[in-house]
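This report concerns only the one structure given below.
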Amino acid sequence: MKSPLALDPVLHFGPVPITAPVLVTWVILLVLGVGAAAATRRLTLEPSKLQAVLETLVTALDALILDTMRAKPGPYRALIGTIFVYVLVANWSSLVPGIEPPTAHIETDAALALIVFAATLVYGVRTRGFLGYLKTFAEPSWVMIPLNIIEQVTRTFSLVVRLFGNVMSGVFVVGIVLSLAGLLVPIPLMALDLLTGAVQAYIFAVLATVFIGAAIESPAPVPPTPQPRTLP
Amino acid sequence: MNNIIQVVSILAAAMAVSFGAIGPALGEGRAVAAAMEAIARQPEAAGTLSRTLFVGLAMIETMAIYCLVIALLVLFANPFVK
């Protein structure tokens with residue numbers, strides 16, 4: 001049986017090997033980019049069906065960001081929305097025969113989680129300043145500094161492993177059942193995979209929102225004695 | 001010798017998944033039960049509750065997924081099998 005951790009290059013650009021997940025990712029990027037450009041080409045005040053769907057998506061996204069971060073959703077909508085839509089389409093790309101979802105390989109998930117990690121650093125530094133962001137590592141007291149640093153690494157790692165494990169196990173189980181039982185038998189499992197894929201995309205987006213929100217948030221515990229605080 | 005290592009690896013992978021699933025299963029059961037009770041008491045907070053529940057469940061489920069990944073490492077990327 002083929003290891004889910006192994007990857008074989010399908011073609012070479014000079015010395016650079018290109019693997020199947022990269023190709024699928026490029027196709028998804030192309031489809032999403034062209035689709036988004038075409039869908040938002042003629043926006044009208046009286047929305048068509050497609051525009052209504054897109055507006056519902058963006059409104060739900062804004063509500064999610066507003067609820068989780070308690071900040072204006074403007075600067076974060078593009079990142080969170082792209083992550084959600086990309087992971088959703090990538091998870092569901094297994095519906096196309098012969099295509100394995102790129103998120104079923106750990107490299108894609110690692111790239112996504114590194115993007116989220118970099119985004120937390122960038123947004124944290126941008127809203128609090130460099131020293132201000134460094135100070136959040138010493139909350140609630142300096143004893144927590146090592147734990148806070150470890151937390152940054154482990155939560156990024158858990159983001160990788162969660163998406164990889166869920167999507168890969170779905171693909172793996174479908175493959176095993178297909179080889180044992182035959183054609184058309186794994187269809188219920190594939191339906192379950194669709195649900196798992198949607199939930200995982202949602203969770204990835206929510207966790208990205210939570211992490212960025214934690215980086216930009218003012219410290220949650222209010223000091224017991226009321227003292228004047230200057231808001232940034 | 002190699003054969004024994006493979007047999008032990010398969011046993012270890014099965015044990016990792018089976019025992020590793022017990023804790024998260026209990027935890028998820030408690031979390032869902034608590035969320036159900038909370039929604040029954042306060043149905044208007046169902047949106048916030050279910051969102052928090054989903055995120056919490058994903059966190060708990062990660063523990064089981066860790067075990068699955070360890071099992072896969074033992075099966076497919078075992079450093080002791082040549």
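Labeling convention for the structure tokens: chains A, B, ... as they appear, residues from 1 per chain, ligands from 1 in order of appearance.
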Spatial neighbours of Leu49 of chain B, max dist 8 Å, only C-alpha atoms, sep filter under 5 positions, as number ranges by chain | B: 35, 38-39
Near Thr48 of chain B, counting only C-alpha atoms, which residues have an atom at most 12 Å away, once you skip same-chain residues fewer than 3 positions from it, shown as a PyMOL selection string?
-> (chain A and resi 63-64+67-68) or (chain B and resi 35+38-39+42-45+51-55)
10 Å contacts from chain A to chain B using only C-alpha atoms, as a PDB file with N, CA and C atoms, in the first residue's frame:
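After the write, part-v1.pdb holds the following:
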ATOM      1  N   MET A   1       0.838  -1.199   0.000  1.00  0.00           N
ATOM      2  CA  MET A   1       0.000   0.000   0.000  1.00  0.00           C
ATOM      3  C   MET A   1       0.875   1.252   0.000  1.00  0.00           C
ATOM      4  N   LYS A   2       0.405   2.251  -0.723  1.00  0.00           N
ATOM      5  CA  LYS A   2       1.216   3.472  -0.846  1.00  0.00           C
ATOM      6  C   LYS A   2       1.130   4.292   0.440  1.00  0.00           C
ATOM      7  N   SER A   3       2.296   4.725   0.893  1.00  0.00           N
ATOM      8  CA  SER A   3       2.318   5.504   2.126  1.00  0.00           C
ATOM      9  C   SER A   3       1.688   6.868   1.907  1.00  0.00           C
ATOM     10  N   PRO A   4       0.837   7.319   2.837  1.00  0.00           N
ATOM     11  CA  PRO A   4       0.239   8.645   2.670  1.00  0.00           C
ATOM     12  C   PRO A   4       1.223   9.774   2.910  1.00  0.00           C
ATOM     13  N   LEU A   5       2.411   9.428   3.398  1.00  0.00           N
ATOM     14  CA  LEU A   5       3.402  10.472   3.639  1.00  0.00           C
ATOM     15  C   LEU A   5       4.331  10.654   2.447  1.00  0.00           C
ATOM     16  N   ALA A   6       4.332   9.683   1.526  1.00  0.00           N
ATOM     17  CA  ALA A   6       5.261   9.742   0.407  1.00  0.00           C
ATOM     18  C   ALA A   6       4.652  10.525  -0.754  1.00  0.00           C
ATOM     19  N   LEU A  64     -18.522  36.390  11.467  1.00  0.00           N
ATOM     20  CA  LEU A  64     -17.602  35.501  12.193  1.00  0.00           C
ATOM     21  C   LEU A  64     -16.399  36.277  12.707  1.00  0.00           C
ATOM     22  N   ASP A  67     -17.436  38.700  15.487  1.00  0.00           N
ATOM     23  CA  ASP A  67     -17.731  38.023  16.751  1.00  0.00           C
ATOM     24  C   ASP A  67     -16.467  37.532  17.421  1.00  0.00           C
ATOM     25  N   THR A  68     -15.538  36.970  16.630  1.00  0.00           N
ATOM     26  CA  THR A  68     -14.381  36.319  17.232  1.00  0.00           C
ATOM     27  C   THR A  68     -13.311  37.323  17.638  1.00  0.00           C
ATOM     28  N   ARG A 155       0.542  25.127  18.484  1.00  0.00           N
ATOM     29  CA  ARG A 155      -0.780  25.323  17.888  1.00  0.00           C
ATOM     30  C   ARG A 155      -0.675  25.382  16.370  1.00  0.00           C
ATOM     31  N   SER A 158      -0.421  21.773  15.473  1.00  0.00           N
ATOM     32  CA  SER A 158      -1.700  21.065  15.580  1.00  0.00           C
ATOM     33  C   SER A 158      -2.628  21.459  14.438  1.00  0.00           C
ATOM     34  N   LEU A 159      -2.490  22.702  13.944  1.00  0.00           N
ATOM     35  CA  LEU A 159      -3.262  23.114  12.768  1.00  0.00           C
ATOM     36  C   LEU A 159      -2.908  22.243  11.562  1.00  0.00           C
ATOM     37  N   VAL A 161      -1.486  19.174  11.647  1.00  0.00           N
ATOM     38  CA  VAL A 161      -1.808  17.754  11.823  1.00  0.00           C
ATOM     39  C   VAL A 161      -3.312  17.528  11.774  1.00  0.00           C
ATOM     40  N   ARG A 162      -4.096  18.508  12.276  1.00  0.00           N
ATOM     41  CA  ARG A 162      -5.546  18.330  12.290  1.00  0.00           C
ATOM     42  C   ARG A 162      -6.090  18.227  10.868  1.00  0.00           C
ATOM     43  N   LEU A 163      -5.723  19.198  10.027  1.00  0.00           N
ATOM     44  CA  LEU A 163      -6.247  19.171   8.658  1.00  0.00           C
ATOM     45  C   LEU A 163      -5.729  17.953   7.902  1.00  0.00           C
ATOM     46  N   PHE A 164      -4.402  17.704   8.047  1.00  0.00           N
ATOM     47  CA  PHE A 164      -3.809  16.565   7.355  1.00  0.00           C
ATOM     48  C   PHE A 164      -4.458  15.265   7.790  1.00  0.00           C
ATOM     49  N   GLY A 165      -4.575  15.069   9.105  1.00  0.00           N
ATOM     50  CA  GLY A 165      -5.114  13.811   9.605  1.00  0.00           C
ATOM     51  C   GLY A 165      -6.539  13.573   9.159  1.00  0.00           C
ATOM     52  N   ASN A 166      -7.365  14.606   9.237  1.00  0.00           N
ATOM     53  CA  ASN A 166      -8.771  14.417   8.880  1.00  0.00           C
ATOM     54  C   ASN A 166      -8.948  14.099   7.409  1.00  0.00           C
ATOM     55  N   MET A 168      -6.609  13.237   5.130  1.00  0.00           N
ATOM     56  CA  MET A 168      -5.882  12.049   4.692  1.00  0.00           C
ATOM     57  C   MET A 168      -6.590  10.780   5.142  1.00  0.00           C
ATOM     58  N   SER A 169      -7.108  10.765   6.381  1.00  0.00           N
ATOM     59  CA  SER A 169      -7.764   9.536   6.845  1.00  0.00           C
ATOM     60  C   SER A 169      -8.997   9.250   6.001  1.00  0.00           C
ATOM     61  N   VAL A 199     -16.463  20.841   7.496  1.00  0.00           N
ATOM     62  CA  VAL A 199     -16.252  21.205   8.901  1.00  0.00           C
ATOM     63  C   VAL A 199     -14.795  21.593   9.130  1.00  0.00           C
ATOM     64  N   GLN A 200     -13.877  20.842   8.503  1.00  0.00           N
ATOM     65  CA  GLN A 200     -12.461  21.157   8.710  1.00  0.00           C
ATOM     66  C   GLN A 200     -12.089  22.501   8.103  1.00  0.00           C
ATOM     67  N   TYR A 202     -14.109  25.016   7.800  1.00  0.00           N
ATOM     68  CA  TYR A 202     -14.662  26.022   8.723  1.00  0.00           C
ATOM     69  C   TYR A 202     -13.766  26.165   9.948  1.00  0.00           C
ATOM     70  N   ILE A 203     -13.322  25.016  10.480  1.00  0.00           N
ATOM     71  CA  ILE A 203     -12.522  25.059  11.700  1.00  0.00           C
ATOM     72  C   ILE A 203     -11.170  25.700  11.448  1.00  0.00           C
ATOM     73  N   PHE A 204     -10.588  25.400  10.281  1.00  0.00           N
ATOM     74  CA  PHE A 204      -9.288  26.027   9.958  1.00  0.00           C
ATOM     75  C   PHE A 204      -9.448  27.540   9.918  1.00  0.00           C
ATOM     76  N   VAL A 206     -11.847  29.326  11.367  1.00  0.00           N
ATOM     77  CA  VAL A 206     -12.158  29.852  12.698  1.00  0.00           C
ATOM     78  C   VAL A 206     -10.900  29.923  13.554  1.00  0.00           C
ATOM     79  N   LEU A 207     -10.074  28.866  13.486  1.00  0.00           N
ATOM     80  CA  LEU A 207      -8.865  28.870  14.309  1.00  0.00           C
ATOM     81  C   LEU A 207      -7.897  29.951  13.849  1.00  0.00           C
ATOM     82  N   VAL A 210      -9.208  32.969  15.367  1.00  0.00           N
ATOM     83  CA  VAL A 210      -8.954  33.010  16.815  1.00  0.00           C
ATOM     84  C   VAL A 210      -7.498  33.371  17.093  1.00  0.00           C
TER      85      VAL A 210
END
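Across B:Pro79, B:Ala21, B:Val74, B:Ala33, the tightest approach to Val8 of chain B is made by B:Val74 when counting only C-alpha atoms.
Secondary structure from DSSP on the backbone puts strand (DSSP E) at the following positions of segment 2-232 of chain A: Pro9, Val10, Leu11, His12, Phe13, Val16, Pro17, Ile18 and Thr19 of chain A.
One finds atom CA of Leu79 of chain A at 13.0 Å from atom CA of Gly213 of chain A.
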